[in-house]
Amino acid sequence: GKGAKQEPRKPDIVPKVPLKKLFWQPISLSGGAELPNVWEKIHLEGAKFDTGELEAMFAEAPLTNKVKEAETERKSRKSPVLVKKRIFDETRRRQIWFMLALMPDRGTLPEAVYTLNAGMLAPEKVDLLLSNLPTPAEEAMVKTAASATLGENEIWDIPEDFMMMLIAIPDYSLRINMWGFFNSFEIVYARLASAEVDIREASDFLRDSERIERLLALTLFVGNYLNGGTVRGRADGFDIDTLCKLRKLRASQKETEGTLLDFIVGQMEKDSPGLLMLMYESCMEFESMQRAKKHNLNELEGELQELLGQAEGYVKKVAALKLEDDNQLL
């Protein structure tokens with residue numbers, strides 16, 4: 001009849017052990033009598049959960065040893081212990097772990113390396129990766145390990161798994177080395193270009209400055225006068241290192257203080273007052289020479305040749321690979 005009590009639609013449940021109760025106000029719905037609602041949808045779809053784990057966690061009384069043993073056995077069957085295999089020694093493993101701790105998501109690394117994508121891997125991360133590339137011996141060891149069949153419940157530990165992923169990237173070593181070269185090129189080029197500007201400007205002053213010409217002329221004539229009657233006299237010029245010796249040649253008389261440099265400066269100031277001071281103004285001769293003297297031409301040339309050699313080497317390696325048209329190295 002209309003007033004008959006509605007029987008619950010859910011099945012009657014009898015837990016294996018007494019459980020703690022969840023006190024709530026139950027709602028009962030008659031099948032098809034209500035408008036569509038979330039409870040009706042839930043009734044149709046059901047839900048899955050681990051009854052054994054629920055009973056273990058919320059038993060009204062502590063589980064007996066027998067129940068605990070059964071629960072332990074159930075869990076051991078469900079979640080076998082995984083054995084992590086390793087091939088690197090502990091020192092190398094720590095190096096790889098340290099690198100991985102500073103790396104972004106490892107899942108994006110293969111694409112980043114393959115495409116040399118600076119948006120996915122910052123220059124400092126590329127340098128970190130570059131400094132941890134496997135040696136030829138390590139690469140051979142990793143390849144051998146990767147080809148082996150893992151036993152049941154065996155997995156590779158994270159450092160080994162990472163290296164296997166890395167060497168699987170086509171031409172990974174060449175790509176990462178080129179990437180590091182690209183990242184450092186602008187810095188090296190800017191430094192070499194700045195040094196070239198400093199040296200060129202100083203050279204222009206030495207060649208074109210009237211003030212330097214007057215100073216060199218006075219030094220030449222004074223030097224020839226001092227060297228008169230000797231094989232060092234009557235010179236048409238002198239090596240630039242001579243200028244450093246001017247302050248070392250001191251006056252003979254004790255009562256006369258000063259060096260040959262003091263004499264030349266005094267004579268030039270007497271002949272052309274204020275001319276030398278102009279050389280010390282901003283962006284003039286003195287400042288230019290100070291900048292130029294910081295550079296060593298032989299070292300700069302060696303660095304430039306090394307840079308060009310690296311670039312030519314990478315070009316040859318890429319050409320030798322005969323890569324496909326869609327390869328990102330082209």
# chains A, B, ... in the order shown; residues from 1 in each chain; ligands from 1
>>> residues_around(residues="Leu192 in chain A", least_positions_apart="5", cutoff="10 Å", atoms="only C-alpha atoms", output="MDAnalysis selection string")
chainID A and resid 186:187 197:198 295 300:301 303:304
>>> write_last_selection(atoms="C-alpha atoms", output="short mmCIF file (atom, residue, chain, number, x, y, z; two decimals), in the first residue's frame")
data_model
loop_
_atom_site.label_atom_id
_atom_site.label_comp_id
_atom_site.auth_asym_id
_atom_site.auth_seq_id
_atom_site.Cartn_x
_atom_site.Cartn_y
_atom_site.Cartn_z
CA GLU A 186 77.94 34.23 -27.96
CA ILE A 187 79.78 34.79 -24.67
CA VAL A 197 88.04 46.61 -30.39
CA ASP A 198 90.38 47.52 -27.50
CA HIS A 295 94.80 41.44 -23.46
CA LEU A 300 93.37 35.66 -28.01
CA GLU A 301 94.59 34.10 -31.24
CA GLU A 303 91.22 31.01 -28.23
CA LEU A 304 89.92 32.09 -31.63
#
>>> residues_around(residues="range 10-14 of chain A", least_positions_apart="3", cutoff="9 Å", atoms="only C-alpha atoms", output="PDB file with C-alpha atoms, in the first residue's frame")
ATOM      1  CA  VAL A  17      35.112  -8.822  11.510  1.00  0.00           C
ATOM      2  CA  PRO A  18      33.238  -6.275  13.647  1.00  0.00           C
ATOM      3  CA  HIS A  43      23.470   3.251  -7.382  1.00  0.00           C
TER       4      HIS A  43
END
>>> closest_residue(among="A:Lys21, A:Arg247, A:Lys16, A:Arg234", to="Gly52 in chain A", atoms="only C-alpha atoms")
A:Lys16
>>> select_by_dssp(residues="range 21-231 of chain A", states="strand (DSSP E or B)", output="list in words")
Ala59, Val83, Lys84, Lys85, Glu154, Ile155 and Trp156 of chain A
>>> write_last_selection(atoms="N, CA and C atoms", output="short mmCIF file (atom, residue, chain, number, x, y, z; two decimals), in the first residue's frame")
data_model
loop_
_atom_site.label_atom_id
_atom_site.label_comp_id
_atom_site.auth_asym_id
_atom_site.auth_seq_id
_atom_site.Cartn_x
_atom_site.Cartn_y
_atom_site.Cartn_z
N ALA A 59 38.92 -2.18 12.15
CA ALA A 59 38.36 -3.25 12.99
C ALA A 59 38.02 -2.68 14.36
N VAL A 83 63.02 -5.41 -6.94
CA VAL A 83 64.47 -5.38 -6.76
C VAL A 83 65.06 -4.39 -7.75
N LYS A 84 65.75 -3.38 -7.24
CA LYS A 84 66.35 -2.35 -8.10
C LYS A 84 67.77 -2.75 -8.48
N LYS A 85 68.01 -2.90 -9.78
CA LYS A 85 69.33 -3.31 -10.26
C LYS A 85 70.21 -2.09 -10.49
N GLU A 154 62.15 -7.28 -11.08
CA GLU A 154 63.37 -6.49 -11.17
C GLU A 154 63.13 -5.22 -12.00
N ILE A 155 63.69 -4.12 -11.55
CA ILE A 155 63.66 -2.87 -12.31
C ILE A 155 65.03 -2.21 -12.20
N TRP A 156 65.34 -1.33 -13.14
CA TRP A 156 66.58 -0.59 -13.06
C TRP A 156 66.41 0.58 -12.10
#
>>> atom_distance(atom1="CA of Ser203 in chain A", atom2="CA of Tyr225 in chain A")
27.8 Å
>>> atom_distance(atom1="CA of Thr219 in chain A", atom2="CA of Gln267 in chain A")
10.3 Å
>>> closest_residue(among="A:Ala137, A:Lys125, A:Ala195, A:Phe182", to="Glu299 in chain A", atoms="only C-alpha atoms")
A:Ala195
>>> closest_residue(among="A:Ser282, A:Asn117, A:Asn177, A:Ser131", to="Phe98 in chain A", atoms="only C-alpha atoms")
A:Ser131
>>> closest_residue(among="A:Gly313, A:Pro273, A:Pro110, A:Pro159", to="Arg92 in chain A", atoms="only C-alpha atoms")
A:Pro159
